[in-house]
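Engineer: Structure file query-v5.csv (CSV, C-alpha atoms) right here:
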```csv
chain,number,residue,atom,x,y,z
I,1,MET,CA,-38.0,66.7,167.0
I,2,ASN,CA,-35.9,63.9,168.5
I,3,ALA,CA,-37.7,61.4,170.7
I,4,PRO,CA,-36.9,61.8,174.4
I,5,SER,CA,-34.4,59.3,175.7
I,6,THR,CA,-35.1,56.8,178.4
I,7,SER,CA,-32.6,58.5,180.7
I,8,GLY,CA,-34.2,61.9,179.9
I,9,CYS,CA,-37.5,60.9,181.3
I,10,GLY,CA,-35.9,59.8,184.6
I,11,CYS,CA,-37.2,56.3,184.3
I,12,GLY,CA,-33.9,54.6,185.0
I,13,GLU,CA,-33.1,56.9,188.0
I,14,ALA,CA,-36.5,56.4,189.5
I,15,ALA,CA,-36.3,52.6,189.1
I,16,GLU,CA,-32.8,52.6,190.8
I,17,ARG,CA,-34.1,54.7,193.7
I,18,LEU,CA,-37.1,52.4,194.2
I,19,SER,CA,-34.9,49.3,194.0
I,20,THR,CA,-32.4,50.7,196.5
I,21,VAL,CA,-35.2,51.5,199.0
I,22,ALA,CA,-36.8,48.1,198.5
I,23,HIS,CA,-33.6,46.2,199.0
I,24,ARG,CA,-32.7,48.2,202.1
I,25,ASP,CA,-36.1,47.4,203.6
I,26,GLN,CA,-35.8,43.7,202.7
I,27,ARG,CA,-32.4,43.4,204.3
I,28,ARG,CA,-33.6,45.1,207.5
I,29,VAL,CA,-36.5,42.7,207.9
I,30,LEU,CA,-34.5,39.6,207.0
I,31,TRP,CA,-31.8,40.4,209.6
I,32,LEU,CA,-34.6,40.8,212.2
I,33,VAL,CA,-36.4,37.5,211.4
I,34,LEU,CA,-33.0,35.7,211.1
I,35,ALA,CA,-32.1,36.6,214.7
I,36,ILE,CA,-35.6,35.6,215.9
I,37,ASN,CA,-35.4,32.2,214.3
I,38,ALA,CA,-31.9,31.5,215.4
I,39,ALA,CA,-33.0,32.1,219.0
I,40,LEU,CA,-36.1,30.0,218.5
I,41,PHE,CA,-34.1,27.1,217.3
I,42,VAL,CA,-31.9,27.0,220.4
I,43,GLY,CA,-34.8,27.4,222.8
I,44,GLU,CA,-37.2,24.9,221.0
I,45,TYR,CA,-34.6,22.2,220.4
I,46,ALA,CA,-33.5,22.3,224.1
I,47,ALA,CA,-37.1,22.2,225.2
I,48,GLY,CA,-37.9,19.4,222.7
I,49,TRP,CA,-35.0,17.3,224.0
I,50,TRP,CA,-36.1,17.9,227.6
I,51,ALA,CA,-39.7,17.1,226.9
I,52,ARG,CA,-38.9,14.1,224.5
I,53,SER,CA,-41.2,15.7,221.9
I,54,THR,CA,-40.7,14.9,218.2
I,55,ALA,CA,-43.2,17.7,217.2
I,56,LEU,CA,-41.3,20.3,219.2
I,57,GLN,CA,-37.9,19.3,217.8
I,58,ALA,CA,-39.4,19.2,214.3
I,59,ASP,CA,-40.6,22.8,215.0
I,60,SER,CA,-37.1,23.7,216.1
I,61,LEU,CA,-35.6,22.3,212.9
I,62,ASP,CA,-38.0,24.4,211.0
I,63,ALA,CA,-36.7,27.5,212.8
I,64,LEU,CA,-33.1,26.4,212.0
I,65,GLY,CA,-34.0,25.9,208.4
I,66,ASP,CA,-35.7,29.3,208.3
I,67,ALA,CA,-32.6,31.0,209.8
I,68,GLY,CA,-30.5,29.5,207.0
I,69,VAL,CA,-33.1,30.5,204.4
I,70,TYR,CA,-33.1,34.1,205.7
I,71,ALA,CA,-29.3,34.2,205.6
I,72,LEU,CA,-29.3,32.9,202.0
I,73,SER,CA,-32.0,35.5,201.1
I,74,LEU,CA,-29.9,38.3,202.5
I,75,PHE,CA,-27.0,37.1,200.2
I,76,VAL,CA,-29.2,37.3,197.1
I,77,VAL,CA,-31.1,40.6,197.8
I,78,GLY,CA,-30.4,42.9,194.9
I,79,ARG,CA,-28.9,40.2,192.7
I,80,SER,CA,-30.3,39.0,189.4
I,81,LEU,CA,-33.4,37.0,189.0
I,82,ARG,CA,-31.3,33.9,188.2
I,83,TRP,CA,-29.4,34.3,191.4
I,84,ARG,CA,-32.6,34.6,193.4
I,85,ALA,CA,-34.1,31.6,191.6
I,86,GLY,CA,-31.0,29.6,192.4
I,87,ALA,CA,-31.4,30.5,196.0
I,88,GLY,CA,-35.0,29.3,195.8
I,89,VAL,CA,-33.8,25.9,194.6
I,90,ALA,CA,-31.4,25.7,197.6
I,91,LYS,CA,-34.2,26.6,200.0
I,92,GLY,CA,-36.5,24.0,198.4
I,93,VAL,CA,-33.9,21.3,198.8
I,94,VAL,CA,-33.2,22.2,202.4
I,95,GLN,CA,-36.9,22.1,203.2
I,96,GLY,CA,-37.2,18.6,201.6
I,97,LEU,CA,-34.2,17.3,203.6
I,98,PHE,CA,-35.8,18.5,206.8
I,99,GLY,CA,-39.0,16.8,206.0
I,100,LEU,CA,-37.3,13.5,205.4
I,101,ALA,CA,-35.3,13.9,208.7
I,102,VAL,CA,-38.4,14.6,210.7
I,103,LEU,CA,-40.2,11.5,209.2
I,104,ALA,CA,-37.2,9.4,210.2
I,105,ASP,CA,-37.4,10.7,213.8
I,106,VAL,CA,-41.1,10.0,213.9
I,107,ALA,CA,-40.4,6.4,213.0
I,108,ARG,CA,-37.7,6.2,215.6
I,109,ARG,CA,-39.8,7.5,218.4
I,110,ALA,CA,-42.7,5.4,217.4
I,111,LEU,CA,-40.5,2.3,218.0
I,112,LEU,CA,-39.3,3.7,221.4
I,113,GLY,CA,-42.8,4.5,222.5
I,114,ALA,CA,-41.8,7.5,224.7
I,115,THR,CA,-44.5,9.9,226.0
I,116,PRO,CA,-43.5,13.6,225.9
I,117,THR,CA,-44.0,16.1,228.7
I,118,ALA,CA,-47.0,18.1,227.6
I,119,PRO,CA,-46.6,21.3,229.7
I,120,ILE,CA,-43.1,21.9,228.3
I,121,MET,CA,-44.3,21.3,224.8
I,122,ALA,CA,-47.2,23.8,225.2
I,123,GLY,CA,-45.1,26.5,226.9
I,124,ALA,CA,-42.3,26.4,224.3
I,125,ALA,CA,-44.6,26.3,221.4
I,126,SER,CA,-46.7,29.2,222.7
I,127,ILE,CA,-43.6,31.4,222.9
I,128,ALA,CA,-42.6,30.3,219.4
I,129,LEU,CA,-46.0,31.1,218.1
I,130,VAL,CA,-45.9,34.7,219.3
I,131,ALA,CA,-42.4,35.2,217.8
I,132,ASN,CA,-43.3,33.6,214.5
I,133,LEU,CA,-46.5,35.7,214.2
I,134,ALA,CA,-44.2,38.7,214.4
I,135,CYS,CA,-42.0,37.4,211.6
I,136,PHE,CA,-45.1,36.6,209.5
I,137,LEU,CA,-46.4,40.1,209.8
I,138,LEU,CA,-43.0,41.7,209.1
I,139,LEU,CA,-42.6,39.6,205.9
I,140,MET,CA,-46.2,39.9,204.6
I,141,ARG,CA,-45.7,43.1,202.6
I,142,PHE,CA,-42.8,41.6,200.7
I,143,ARG,CA,-44.4,38.3,199.7
I,144,HIS,CA,-45.3,39.3,196.1
I,145,GLN,CA,-42.0,41.0,195.2
I,146,ASP,CA,-40.0,38.0,194.0
I,147,ILE,CA,-39.4,34.2,194.5
I,148,ASN,CA,-36.8,35.1,197.1
I,149,MET,CA,-39.1,37.0,199.4
I,150,ARG,CA,-42.1,34.7,198.7
I,151,SER,CA,-40.1,31.7,199.8
I,152,VAL,CA,-39.2,33.3,203.1
I,153,TRP,CA,-42.8,34.3,203.7
I,154,LEU,CA,-43.9,30.7,203.0
I,155,CYS,CA,-41.5,29.5,205.6
I,156,SER,CA,-43.0,32.0,208.1
I,157,ARG,CA,-46.5,30.8,207.3
I,158,ASN,CA,-45.5,27.2,207.9
I,159,ASP,CA,-44.0,28.2,211.3
I,160,LEU,CA,-47.4,29.4,212.5
I,161,PHE,CA,-49.0,26.1,211.5
I,162,GLY,CA,-46.3,24.1,213.2
I,163,ASN,CA,-46.5,26.1,216.4
I,164,ALA,CA,-50.2,25.8,216.6
I,165,SER,CA,-50.0,22.1,215.9
I,166,VAL,CA,-47.5,21.5,218.7
I,167,ILE,CA,-49.8,23.3,221.1
I,168,VAL,CA,-52.8,21.1,220.0
I,169,ALA,CA,-50.6,18.0,220.3
I,170,ALA,CA,-49.5,19.0,223.8
I,171,GLY,CA,-53.1,19.2,224.9
I,172,ALA,CA,-53.9,15.8,223.3
I,173,VAL,CA,-50.9,14.2,225.0
I,174,ALA,CA,-52.0,15.7,228.4
I,175,TRP,CA,-55.6,14.5,227.9
I,176,LEU,CA,-54.9,11.0,226.6
I,177,GLY,CA,-51.6,10.3,228.4
I,178,GLN,CA,-50.2,8.9,225.2
I,179,GLY,CA,-47.5,9.9,222.8
I,180,TRP,CA,-49.1,9.3,219.4
I,181,PRO,CA,-50.5,12.9,219.1
I,182,ASP,CA,-46.9,14.2,219.2
I,183,LEU,CA,-45.9,11.7,216.5
I,184,LEU,CA,-48.9,12.7,214.4
I,185,VAL,CA,-48.1,16.4,214.5
I,186,GLY,CA,-44.4,15.6,213.8
I,187,GLY,CA,-45.5,13.7,210.7
I,188,LEU,CA,-47.8,16.6,209.6
I,189,VAL,CA,-44.9,19.1,210.0
I,190,ALA,CA,-42.7,16.8,207.9
I,191,VAL,CA,-45.4,16.7,205.2
I,192,LEU,CA,-45.7,20.4,205.3
I,193,PHE,CA,-41.9,20.6,204.8
I,194,LEU,CA,-42.1,18.4,201.8
I,195,HIS,CA,-45.0,20.3,200.3
I,196,THR,CA,-43.2,23.7,200.7
I,197,SER,CA,-40.1,22.1,199.1
I,198,TYR,CA,-42.2,21.1,196.1
I,199,ASP,CA,-43.9,24.5,195.8
I,200,VAL,CA,-40.6,26.5,196.1
I,201,LEU,CA,-38.7,24.2,193.8
I,202,ARG,CA,-41.4,24.2,191.1
I,203,THR,CA,-41.4,28.0,190.9
I,204,ALA,CA,-37.6,28.5,191.3
I,205,LEU,CA,-36.7,25.9,188.6
I,206,ARG,CA,-39.2,27.5,186.2
I,207,GLN,CA,-37.4,30.8,186.7
I,208,VAL,CA,-34.0,29.2,186.4
I,209,ARG,CA,-34.9,27.7,183.0
I,210,GLY,CA,-36.7,30.8,181.7
I,211,PRO,CA,-35.7,34.1,183.4
I,212,GLN,CA,-37.8,37.1,182.7
I,213,SER,CA,-37.2,39.0,179.5
I,214,SER,CA,-34.9,42.0,179.6
I,215,THR,CA,-37.7,44.0,177.9
I,216,ALA,CA,-39.6,44.4,181.2
I,217,THR,CA,-40.9,47.8,181.9
I,218,CYS,CA,-39.3,50.3,184.2
I,219,GLY,CA,-41.8,49.6,186.9
I,220,ALA,CA,-41.2,45.9,186.7
I,221,ARG,CA,-37.5,46.4,186.8
I,222,ALA,CA,-37.8,48.4,190.1
I,223,VAL,CA,-39.4,45.4,191.7
I,224,GLU,CA,-37.4,42.6,190.1
I,225,GLN,CA,-33.9,44.0,190.3
```
Turn the structure described in the file into structure tokens.
Structural biologist:
Amino acid sequence: MNAPSTSGCGCGEAAERLSTVAHRDQRRVLWLVLAINAALFVGEYAAGWWARSTALQADSLDALGDAGVYALSLFVVGRSLRWRAGAGVAKGVVQGLFGLAVLADVARRALLGATPTAPIMAGAASIALVANLACFLLLMRFRHQDINMRSVWLCSRNDLFGNASVIVAAGAVAWLGQGWPDLLVGGLVAVLFLHTSYDVLRTALRQVRGPQSSTATCGARAVEQ
């Protein structure tokens, strides 16, 4: 008796169906969080400029970077592992550049010595926290699927830390009447950018150099394709 073929067992068809559903769900969520972060960038940057807050403007840059990350992730959904790993490299580089830009702004504002407006900081960051919590929950179930979705989930996690930190900084500024808590949080957000950059680049570069073997099982293919 001849051994049953792979196509005969329906493995390839099942994997294709699972992959199609997974990619459709990923795209739907990515479009939603992209729109949320684009709106957050505009609102937070304007509020940060008005309040003279480095921490709030750093948080707005995070939202802008996330919007770009989500757009790039939409482009590579359904593509090969090498494409997704290459997108991960681009995301890591962007995160690193934002970290350096925020550090430069912290140094500039430290020289100017301006004190930000705490109520505006707290209000804008609170709205952003609620929006980013929604993004975080939407992306959570995709975080173990591949480097592409893991990197966007990491961005969302960082957003929550950034928003909470700005709220704490606003309270400290209001209490002390000084601007250094704002600069401290801006510096911490920059360090988080740089750490995320390292984490994503390390994983993505490893996958670029050594993509997974084509001998993966049908179940693995359904997730990785």
Engineer: Please, what distance in Å, to one decimal, runs between CA of Asn158 (chain I) and CA of Tyr198 (chain I)?
Structural biologist: 13.7 Å
Engineer: Go through I:Ser151, I:Ser156, I:Asn163, I:Gln207 one by one, measure the shortest atom-to-atom distance of each to Ala55 (chain I) using only C-alpha atoms, and give the residue with the smallest value.
Structural biologist: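 Among I:Ser151, I:Ser156, I:Asn163, I:Gln207, it is I:Asn163 that comes nearest to Ala55 (chain I).
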Engineer: Report as a compact mmCIF listing (two decimals) with C-alpha atoms, keeping the file's coordinate frame all protein, DNA and RNA residues lying within 9 Å of region 61-75 of chain I, evaluated on only C-alpha atoms, omitting residues in the same chain fewer than 2 positions from it.
Structural biologist:
```txt
# COMPACT_ATOMS: atom_id res chain seq x y z
CA GLN I 26 -35.80 43.70 202.70
CA ARG I 27 -32.40 43.40 204.30
CA LEU I 30 -34.50 39.60 207.00
CA TRP I 31 -31.80 40.40 209.60
CA VAL I 33 -36.40 37.50 211.40
CA LEU I 34 -33.00 35.70 211.10
CA ALA I 35 -32.10 36.60 214.70
CA ILE I 36 -35.60 35.60 215.90
CA ASN I 37 -35.40 32.20 214.30
CA ALA I 38 -31.90 31.50 215.40
CA ALA I 39 -33.00 32.10 219.00
CA LEU I 40 -36.10 30.00 218.50
CA PHE I 41 -34.10 27.10 217.30
CA VAL I 42 -31.90 27.00 220.40
CA GLU I 44 -37.20 24.90 221.00
CA TYR I 45 -34.60 22.20 220.40
CA LEU I 56 -41.30 20.30 219.20
CA GLN I 57 -37.90 19.30 217.80
CA ALA I 58 -39.40 19.20 214.30
CA ASP I 59 -40.60 22.80 215.00
CA VAL I 77 -31.10 40.60 197.80
CA GLY I 78 -30.40 42.90 194.90
CA ARG I 79 -28.90 40.20 192.70
CA ARG I 84 -32.60 34.60 193.40
CA ALA I 87 -31.40 30.50 196.00
CA GLY I 88 -35.00 29.30 195.80
CA ALA I 90 -31.40 25.70 197.60
CA LYS I 91 -34.20 26.60 200.00
CA VAL I 94 -33.20 22.20 202.40
CA GLN I 95 -36.90 22.10 203.20
CA PHE I 98 -35.80 18.50 206.80
CA VAL I 102 -38.40 14.60 210.70
CA ASN I 148 -36.80 35.10 197.10
CA MET I 149 -39.10 37.00 199.40
CA SER I 151 -40.10 31.70 199.80
CA VAL I 152 -39.20 33.30 203.10
CA CYS I 155 -41.50 29.50 205.60
CA SER I 156 -43.00 32.00 208.10
CA ASN I 158 -45.50 27.20 207.90
CA ASP I 159 -44.00 28.20 211.30
CA GLY I 162 -46.30 24.10 213.20
CA VAL I 189 -44.90 19.10 210.00
CA PHE I 193 -41.90 20.60 204.80
```
Engineer: What is the distance between CA of Ala174 (chain I) and CA of Ala118 (chain I), in Å to one decimal?
Structural biologist: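 Between these atoms lies a distance of 5.6 Å.
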Engineer: Considering all atoms listed in the file, return as a list in words whatever protein or nucleic-acid residues lie within 9 Å of Thr117 (chain I), sequence-local ones (same chain, fewer than 3 positions apart) excluded.
Structural biologist: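 Skipping anything fewer than 3 positions along the chain leaves Trp50, Ala51, Arg52, Ser53, Ile120, Met121, Ala170, Val173 and Ala174 of chain I.
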Engineer: Which residue is closest to Leu192 (chain I)? Choose from I:Ile167, I:Leu32, I:Leu139, I:Leu160 and count all atoms listed in the file.
Structural biologist: I:Leu160
Engineer: Using all atoms listed in the file, pick whichever of I:Asp105, I:Ala169, I:Leu205, I:Arg28 has the shortest atom-to-atom distance to Ala190 (chain I).
Structural biologist: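 Closest residue, counting all atoms listed in the file: I:Asp105.
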Engineer: Could you tell me how far CA of Ala124 (chain I) lies from CA of Arg108 (chain I), in Å and to one decimal?
Structural biologist: 22.5 Å
Engineer: Of the candidates I:Gly123, I:Gly43, I:Gly86, I:Gly48, which shows the shortest atom-to-atom distance to Gly171 (chain I), using all atoms listed in the file?
Structural biologist: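 That would be I:Gly123, the residue with the smallest distance to Gly171 (chain I).
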Engineer: For Ala125 (chain I), which residue among I:Ala164, I:Leu103, I:Leu112, I:Leu194 is the nearest when counting all atoms listed in the file?
Structural biologist: I:Ala164
Engineer: Of the candidates I:Ile127, I:Val89, I:Ala107, I:Ala46, which one gets nearest to Asp182 (chain I) if we count only C-alpha atoms?
Structural biologist: I:Ala107
